[in-house]
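S.K.: Dropping the structure in here first, questions after.
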Number of protein chains: 2
Amino acid sequence: MNSIDGTIASPKGFQATGLHAGLKKNKLDLGVIYSEKPAKAAAVYTTNQVKAAPIYVTKEAMQDPTIQAVVVNSGYANACTGEIGLVHAKKMQQAAADQLGVAATNVAVASTGVIGKTMPIELVEGGIQTIDLQEGQPYHFHEAILTTDTTTKEIVVQDTINGELVTIAGTAKGSGMIHPNMATMLAFITTDAEISQELLQELLSEKTETTFNQITVDGDTSTNDMVLVLANGLAGNTEIKKGTEGYDKFSAMFKLVSETLAQMIAKDGEGATKLIEVQVEGATDELAARMIAKKIVGSMLVKTAMFGEDPNWGRIICAIGYSETKIDPEKVDMWIGSVQVLKNSQPQTFDETAIKQILEQDKIVIAVDMNLGDAKGAAWGCDLTYKYVEVNALYHT
Amino acid sequence: MNSIDGTIASPKGFQATGLHAGLKKNKLDLGVIYSEKPAKAAAVYTTNQVKAAPIYVTKEAMQDPTIQAVVVNSGYANACTGEIGLVHAKKMQQAAADQLGVAATNVAVASTGVIGKTMPIELVEGGIQTIDLQEGQPYHFHEAILTTDTTTKEIVVQDTINGELVTIAGTAKGSGMIHPNMATMLAFITTDAEISQELLQELLSEKTETTFNQITVDGDTSTNDMVLVLANGLAGNTEIKKGTEGYDKFSAMFKLVSETLAQMIAKDGEGATKLIEVQVEGATDELAARMIAKKIVGSMLVKTAMFGEDPNWGRIICAIGYSETKIDPEKVDMWIGSVQVLKNSQPQTFDETAIKQILEQDKIVIAVDMNLGDAKGAAWGCDLTYKYVEVNALYHT
């Protein structure tokens, strides 16, 4: 498998663009992805009971899981906007269908931004009517979906599957309200692979558990989260079937795309200066391993300790202790980077200089061995900084 | 019922003091409470699976729930300190027993401070040997149990029960790792009431659910939490029995003491500038109401919005949506102070000046009506500030 430079439009038959419709002051705020052939689609959505209007509209479109275009706006979440919000999401869908010449039922809609403000739908429709896929730049789509993100997030991987070159591309936005199950995390993945819709959905659901659902910035699960995958089959490979070498390759590619996007979101969490990765092994089962990892990475005390570059293992074992999974409090081994700080839950003498160097890096790996079984799991997050408070206290409705 | 100025030693037959044993640089770090008559005791402990040594020692002492003295240190949590930690907690218990002339099995032990550092037990024992209850100042106990707290926390209430004046006094410490189920929250409550141990424990467990367990500062549940109640019966009232007027009075006093201490802890959360109170009504049941209230008050986005004095109801309804309880996302009414911001989940036009004045106060009340039933619940927390990050990033192990 190779990683290449590229965009969400790198797989065969996809186009994408982004533009400024006027929803945000200066930045791009409207984006579309288009597939020349209707694509098999799979999606996962926020578990928040308060769901944004575009979630309902996309779910309806996905009743027949064939999608040919995706239209996304930033600036307005179109959540808690009542009946008019649903009308607006549908208008956005219809406008994209008209402009791109596809069926409205094959258009997915997503929004991210402020909750509770009615969208200026005429700006959205006006923007959509100026979409020109020939003139557009695909990387503008990556930009158009951002809110408080500081960088675009994309990855493109390729491999030969069943004799043909297959490409998977992904792009995402994150930053705040990130504690997916799903968070506003939005992620879009395109591929030219030939694969059944059922297998695509199974793969997405499975990989989401260990990647997108294992990141946390602030513990808040958004009303707008969505991961959407489109597979248009234009690579020309014979269909990828489970239990084959081709599937293993595709699954590995898919995992890398999902995990990379998830880590990019965690690293670009609001105000973050560091990516924190927690690796748990020796757990009783994989779910337990993931729960422990996510509790550690979500602890405000661990997050501030990492910002302060302090090897505060006491806060880490405290978080392990309140994870809702059975542990043996006397058996925990722990490393910060390569330095062991706990053995059988007892503090180890360690090299202060070595650990200082580890904590100064912009990625810190905390590894934990529960010594109870064979299961592993990981989670990703970021440090909690002055800037986080600034971003969220100064952000006014 | 009257609130009076007083200390943890205000109920008849109690004495208390605090002193500097050398565990912290300058501040008082060792405290004792003594009852001239062995008291009936009730306790609740942290649910963290990693428990500090003093928790084990106090639980053992509570197998016969009669306690005559409590010894507490700050500066060292005596958690994750292995076998030697247990030895130290027992030595602390024995030293207090010897100095005060009581049975070691009647001494409760509590610690708060840094996790994982071995206690300098000779300093603890040396300090205990200088305890002089006649010369001591009871309010020094309130000071000796503090860590990053900025103020002592105490309340004393009195009422006439079954013909006699009954007093309940409480003092607590909080500040960080506060998300009790229990957090290091420590709270001590003394009373001279005559009441059975069983009823005292029942009352404590019941009131803890709606008071101490409904506060959150950082979502981290400590290894050392404990609430301990001592009732020595010296008020001379005939025993308080359930279902009587006397019980109702005592229960109301006990609730006020617990709720006041809980609010004091929330208000003095690390770096906090505001107390946030969330009142939920119209829920399907009381547990659901409490869960919703605690999710709102624990949301980092709500906490930063309150620090920024922004009426960001979108973040509040988002937190309601991810609470693990069934809601109707279209039926939520919400008020910030006296200003209604949502009706049936739809934004209401409100007076910007009025809400600005509400948000400038040092106590903000968020009220929510779920419009699903008759149950109520409340939770208390604090805003998330630059100072919180500073306190926790600069605190080095």
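The chains in the structure tokens are called A, B, ... from first to last as shown; in each chain the residues are counted from 1, and the ligands are counted from 1 in the order shown.
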I'd like to know which residues of region 41-148 of chain A are alpha helix (DSSP H) (by DSSP, run on the backbone); could you write them as an MDAnalysis selection string?
M.R.: chainID A and resid 53:61 82:100 121:128 139:144
S.K.: Can you list, as a PDB file with N, CA, C and O atoms, in the first residue's frame, every protein, DNA or RNA residue that comes within 10 Å of Ala52 (chain A) when you count only C-alpha atoms, leaving out same-chain residues fewer than 6 positions away?
M.R.:
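Output file around.pdb follows:
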ATOM      1  N   THR A  46     -24.091  10.578  14.237  1.00  0.00           N
ATOM      2  CA  THR A  46     -24.043  10.899  15.664  1.00  0.00           C
ATOM      3  C   THR A  46     -25.043  10.049  16.446  1.00  0.00           C
ATOM      4  O   THR A  46     -26.123   9.735  15.951  1.00  0.00           O
ATOM      5  N   ALA A  77     -24.746  24.922  11.763  1.00  0.00           N
ATOM      6  CA  ALA A  77     -24.945  23.488  11.991  1.00  0.00           C
ATOM      7  C   ALA A  77     -26.320  23.019  11.513  1.00  0.00           C
ATOM      8  O   ALA A  77     -26.535  21.832  11.320  1.00  0.00           O
ATOM      9  N   ASN A  78     -27.249  23.956  11.349  1.00  0.00           N
ATOM     10  CA  ASN A  78     -28.644  23.616  11.029  1.00  0.00           C
ATOM     11  C   ASN A  78     -29.166  22.554  11.998  1.00  0.00           C
ATOM     12  O   ASN A  78     -29.798  21.575  11.604  1.00  0.00           O
ATOM     13  N   ALA A  79     -28.873  22.779  13.294  1.00  0.00           N
ATOM     14  CA  ALA A  79     -29.371  21.918  14.376  1.00  0.00           C
ATOM     15  C   ALA A  79     -30.222  22.786  15.293  1.00  0.00           C
ATOM     16  O   ALA A  79     -29.916  23.973  15.483  1.00  0.00           O
ATOM     17  N   CYS A  80     -31.299  22.217  15.839  1.00  0.00           N
ATOM     18  CA  CYS A  80     -32.231  22.964  16.688  1.00  0.00           C
ATOM     19  C   CYS A  80     -32.822  24.138  15.920  1.00  0.00           C
ATOM     20  O   CYS A  80     -32.954  25.248  16.436  1.00  0.00           O
ATOM     21  N   THR A  81     -33.150  23.878  14.683  1.00  0.00           N
ATOM     22  CA  THR A  81     -33.704  24.927  13.833  1.00  0.00           C
ATOM     23  C   THR A  81     -35.127  24.583  13.410  1.00  0.00           C
ATOM     24  O   THR A  81     -35.716  25.268  12.563  1.00  0.00           O
ATOM     25  N   GLY A  82     -35.688  23.503  13.988  1.00  0.00           N
ATOM     26  CA  GLY A  82     -37.110  23.189  13.814  1.00  0.00           C
ATOM     27  C   GLY A  82     -37.491  22.806  12.383  1.00  0.00           C
ATOM     28  O   GLY A  82     -36.659  22.348  11.598  1.00  0.00           O
ATOM     29  N   GLY A  85     -35.556  24.218   9.517  1.00  0.00           N
ATOM     30  CA  GLY A  85     -34.250  23.591   9.337  1.00  0.00           C
ATOM     31  C   GLY A  85     -34.321  22.414   8.375  1.00  0.00           C
ATOM     32  O   GLY A  85     -33.478  22.255   7.486  1.00  0.00           O
ATOM     33  N   LEU A  86     -35.375  21.607   8.547  1.00  0.00           N
ATOM     34  CA  LEU A  86     -35.572  20.466   7.643  1.00  0.00           C
ATOM     35  C   LEU A  86     -35.853  20.949   6.223  1.00  0.00           C
ATOM     36  O   LEU A  86     -35.336  20.393   5.245  1.00  0.00           O
ATOM     37  N   ALA A  89     -32.530  22.011   4.748  1.00  0.00           N
ATOM     38  CA  ALA A  89     -31.651  20.889   4.384  1.00  0.00           C
ATOM     39  C   ALA A  89     -32.129  20.252   3.074  1.00  0.00           C
ATOM     40  O   ALA A  89     -31.337  19.858   2.222  1.00  0.00           O
ATOM     41  N   ALA A 110     -24.626  17.557   4.588  1.00  0.00           N
ATOM     42  CA  ALA A 110     -24.018  17.672   5.909  1.00  0.00           C
ATOM     43  C   ALA A 110     -23.776  19.138   6.226  1.00  0.00           C
ATOM     44  O   ALA A 110     -23.559  19.949   5.320  1.00  0.00           O
ATOM     45  N   SER A 111     -23.852  19.468   7.531  1.00  0.00           N
ATOM     46  CA  SER A 111     -23.615  20.849   7.967  1.00  0.00           C
ATOM     47  C   SER A 111     -22.762  20.830   9.221  1.00  0.00           C
ATOM     48  O   SER A 111     -22.800  19.879   9.997  1.00  0.00           O
ATOM     49  N   THR A 112     -22.018  21.900   9.439  1.00  0.00           N
ATOM     50  CA  THR A 112     -21.249  22.061  10.677  1.00  0.00           C
ATOM     51  C   THR A 112     -21.113  23.544  10.966  1.00  0.00           C
ATOM     52  O   THR A 112     -20.971  24.349  10.047  1.00  0.00           O
ATOM     53  N   ILE A 115     -24.914  25.990  16.392  1.00  0.00           N
ATOM     54  CA  ILE A 115     -26.215  25.368  16.627  1.00  0.00           C
ATOM     55  C   ILE A 115     -27.276  26.449  16.807  1.00  0.00           C
ATOM     56  O   ILE A 115     -27.025  27.458  17.442  1.00  0.00           O
ATOM     57  N   GLY A 116     -28.453  26.224  16.224  1.00  0.00           N
ATOM     58  CA  GLY A 116     -29.617  27.028  16.577  1.00  0.00           C
ATOM     59  C   GLY A 116     -29.840  28.287  15.764  1.00  0.00           C
ATOM     60  O   GLY A 116     -30.828  28.976  15.980  1.00  0.00           O
ATOM     61  N   SER A 222     -21.253  15.771  19.307  1.00  0.00           N
ATOM     62  CA  SER A 222     -21.997  16.778  18.540  1.00  0.00           C
ATOM     63  C   SER A 222     -23.308  16.246  17.989  1.00  0.00           C
ATOM     64  O   SER A 222     -23.564  15.048  17.929  1.00  0.00           O
ATOM     65  N   THR A 223     -24.125  17.193  17.553  1.00  0.00           N
ATOM     66  CA  THR A 223     -25.426  16.902  16.956  1.00  0.00           C
ATOM     67  C   THR A 223     -25.316  16.596  15.464  1.00  0.00           C
ATOM     68  O   THR A 223     -26.299  16.234  14.830  1.00  0.00           O
ATOM     69  N   ASN A 224     -24.126  16.775  14.864  1.00  0.00           N
ATOM     70  CA  ASN A 224     -24.003  16.773  13.402  1.00  0.00           C
ATOM     71  C   ASN A 224     -23.051  15.728  12.831  1.00  0.00           C
ATOM     72  O   ASN A 224     -22.841  15.690  11.626  1.00  0.00           O
ATOM     73  N   ASP A 225     -22.454  14.884  13.687  1.00  0.00           N
ATOM     74  CA  ASP A 225     -21.416  13.968  13.219  1.00  0.00           C
ATOM     75  C   ASP A 225     -21.879  13.036  12.111  1.00  0.00           C
ATOM     76  O   ASP A 225     -22.999  12.519  12.137  1.00  0.00           O
TER      77      ASP A 225
END
S.K.: Kindly indicate which residue among A:Ala21, A:Ile336, A:Val156, A:Val257 lies nearest to Phe350 (chain A), using only C-alpha atoms for the distances.
M.R.: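 Between A:Ala21, A:Ile336, A:Val156, A:Val257, the residue approaching Phe350 (chain A) most closely is A:Ile336.
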S.K.: Measuring between only C-alpha atoms, which one of B:Leu261, B:Val339, B:Val50, B:Ile358 shows the shortest distance to chain A?
M.R.: B:Val50
S.K.: Pick the closest to Thr191 (chain A) from A:Ser10, A:Asn371, A:Thr47, A:Gln361: which is it, counting only C-alpha atoms?
M.R.: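 Between A:Ser10, A:Asn371, A:Thr47, A:Gln361, the residue approaching Thr191 (chain A) most closely is A:Ser10.
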S.K.: CA of Gln15 (chain A) and CA of Thr66 (chain A), how far apart in Å?
M.R.: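 Pair CA of Thr66 (chain A) / CA of Gln15 (chain A) returns 16.7 Å.
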S.K.: Using only C-alpha atoms, determine which residues lie at most 8 Å from Leu19 (chain B), disregarding the query and same-chain residues fewer than 4 positions distant; provide the list as a VMD selection string.
M.R.: chain B and resid 28 to 31 127 131 140 to 141 144
S.K.: Keeping only N, CA and C atoms, write those residues as a PDB file, in the first residue's frame.
M.R.:
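Resulting contents of part37.pdb:
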ATOM      1  N   LEU B  28      -1.107  24.228  57.162  1.00  0.00           N
ATOM      2  CA  LEU B  28      -1.547  23.144  58.042  1.00  0.00           C
ATOM      3  C   LEU B  28      -1.792  21.903  57.185  1.00  0.00           C
ATOM      4  N   ASP B  29      -1.422  20.738  57.702  1.00  0.00           N
ATOM      5  CA  ASP B  29      -1.479  19.533  56.880  1.00  0.00           C
ATOM      6  C   ASP B  29      -1.923  18.293  57.651  1.00  0.00           C
ATOM      7  N   LEU B  30      -2.313  18.463  58.918  1.00  0.00           N
ATOM      8  CA  LEU B  30      -2.752  17.315  59.711  1.00  0.00           C
ATOM      9  C   LEU B  30      -3.896  17.765  60.606  1.00  0.00           C
ATOM     10  N   GLY B  31      -4.996  17.015  60.608  1.00  0.00           N
ATOM     11  CA  GLY B  31      -6.139  17.399  61.423  1.00  0.00           C
ATOM     12  C   GLY B  31      -6.761  16.202  62.120  1.00  0.00           C
ATOM     13  N   GLY B 127       3.805  14.687  64.143  1.00  0.00           N
ATOM     14  CA  GLY B 127       2.728  15.674  64.225  1.00  0.00           C
ATOM     15  C   GLY B 127       1.614  15.207  65.144  1.00  0.00           C
ATOM     16  N   ILE B 131      -0.455  16.659  69.134  1.00  0.00           N
ATOM     17  CA  ILE B 131      -1.860  17.094  69.176  1.00  0.00           C
ATOM     18  C   ILE B 131      -2.269  17.436  70.603  1.00  0.00           C
ATOM     19  N   HIS B 140      -8.892  25.056  62.697  1.00  0.00           N
ATOM     20  CA  HIS B 140      -7.651  24.598  62.064  1.00  0.00           C
ATOM     21  C   HIS B 140      -7.838  23.246  61.373  1.00  0.00           C
ATOM     22  N   PHE B 141      -8.807  22.458  61.838  1.00  0.00           N
ATOM     23  CA  PHE B 141      -9.116  21.212  61.131  1.00  0.00           C
ATOM     24  C   PHE B 141      -9.605  21.520  59.717  1.00  0.00           C
ATOM     25  N   ALA B 144      -6.620  22.286  57.652  1.00  0.00           N
ATOM     26  CA  ALA B 144      -5.600  21.236  57.498  1.00  0.00           C
ATOM     27  C   ALA B 144      -5.929  20.234  56.398  1.00  0.00           C
TER      28      ALA B 144
END
S.K.: Considering only C-alpha atoms, return as a list in words whatever protein or nucleic-acid residues lie within 8 Å of Ile189 (chain B), sequence-local ones (same chain, fewer than 4 positions apart) excluded.
M.R.: Ile8, Ile168, Ala169, Gly170, Thr171, Val227, Leu228, Val229 and Leu230 of chain B
S.K.: Need the shell around Ala69 (chain A): protein/DNA/RNA residues with any atom at most 7 Å away, counting only C-alpha atoms. Skip same-chain ones fewer than 5 positions apart. Format as a PDB file with C-alpha atoms, in the first residue's frame?
M.R.:
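And here's selection_35.pdb as it stands now:
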ATOM      1  CA  VAL A  32     -19.434  19.307  -3.016  1.00  0.00           C
ATOM      2  CA  ILE A  33     -18.198  15.857  -3.945  1.00  0.00           C
ATOM      3  CA  TYR A  34     -19.532  14.339  -7.162  1.00  0.00           C
ATOM      4  CA  SER A  35     -19.135  10.841  -8.601  1.00  0.00           C
ATOM      5  CA  ASN A 106     -28.868  10.468  -4.424  1.00  0.00           C
ATOM      6  CA  VAL A 107     -27.550  13.605  -2.696  1.00  0.00           C
ATOM      7  CA  ALA A 108     -26.190  13.484   0.877  1.00  0.00           C
TER       8      ALA A 108
END
S.K.: Region 276-289 of chain A: which residues within 10 Å, counting only C-alpha atoms, same-chain residues fewer than 4 positions away excluded, as a PyMOL selection string?
M.R.: chain A and resi 209-210+214-215+263+266-267+272+293-298+302-303+306+323-327+332-337+362-383
S.K.: Can you measure CA of Leu234 (chain B) to CA of Ser251 (chain B) for me? One decimal in Å is fine.
M.R.: 18.1 Å
S.K.: Work out how far apart CA of Ser345 (chain B) and CA of Ala319 (chain B) are and give it in Å to one decimal.
M.R.: 13.2 Å
S.K.: Please run DSSP on the backbone and report, as a JSON list (two decimals) with N, CA and C atoms, in the first residue's frame, all residues within region 79-128 of chain B that come out as strand (DSSP E).
M.R.:
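For reference, part.json as written:
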[["chain", "number", "residue", "atom", "x", "y", "z"],
["B", 107, "VAL", "N", -10.69, 4.52, 65.06],
["B", 107, "VAL", "CA", -10.09, 5.69, 64.41],
["B", 107, "VAL", "C", -10.23, 5.57, 62.89],
["B", 108, "ALA", "N", -10.83, 6.56, 62.27],
["B", 108, "ALA", "CA", -10.91, 6.62, 60.80],
["B", 108, "ALA", "C", -9.74, 7.45, 60.28],
["B", 109, "VAL", "N", -9.26, 7.06, 59.08],
["B", 109, "VAL", "CA", -8.08, 7.71, 58.49],
["B", 109, "VAL", "C", -8.45, 8.22, 57.09],
["B", 110, "ALA", "N", -7.99, 9.41, 56.74],
["B", 110, "ALA", "CA", -8.19, 9.92, 55.38],
["B", 110, "ALA", "C", -6.96, 10.70, 54.95],
["B", 111, "SER", "N", -6.69, 10.67, 53.65],
["B", 111, "SER", "CA", -5.55, 11.40, 53.10],
["B", 111, "SER", "C", -5.97, 12.09, 51.81],
["B", 112, "THR", "N", -5.29, 13.17, 51.49],
["B", 112, "THR", "CA", -5.50, 13.85, 50.21],
["B", 112, "THR", "C", -4.22, 14.55, 49.80],
["B", 113, "GLY", "N", -3.94, 14.52, 48.49],
["B", 113, "GLY", "CA", -2.71, 15.15, 48.02],
["B", 113, "GLY", "C", -2.18, 14.42, 46.80],
["B", 114, "VAL", "N", -0.87, 14.37, 46.65],
["B", 114, "VAL", "CA", -0.24, 13.76, 45.49],
["B", 114, "VAL", "C", -0.36, 12.24, 45.53]]
S.K.: For chain A, which residue out of B:Asp310, B:Glu198, B:Asp5, B:Glu352 is the nearest one, using only C-alpha atoms?
M.R.: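 Nearest to chain A: B:Asp310.
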S.K.: Need the shell around Leu384 (chain B): protein/DNA/RNA residues with any atom at most 9 Å away, counting only C-alpha atoms. Skip same-chain ones fewer than 3 positions apart. Format as a list of chain:residue names?
M.R.: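 My reading of the contact set: A:Val389, A:Ala393, B:Val217, B:Asp218, B:Glu270, B:Gly271, B:Ala272, B:Thr273, B:Met300, B:Leu301, B:Val302, B:Lys303, B:Thr304, B:Ala305, B:Met306, B:Phe307, B:Lys387, B:Tyr388, B:Val389.
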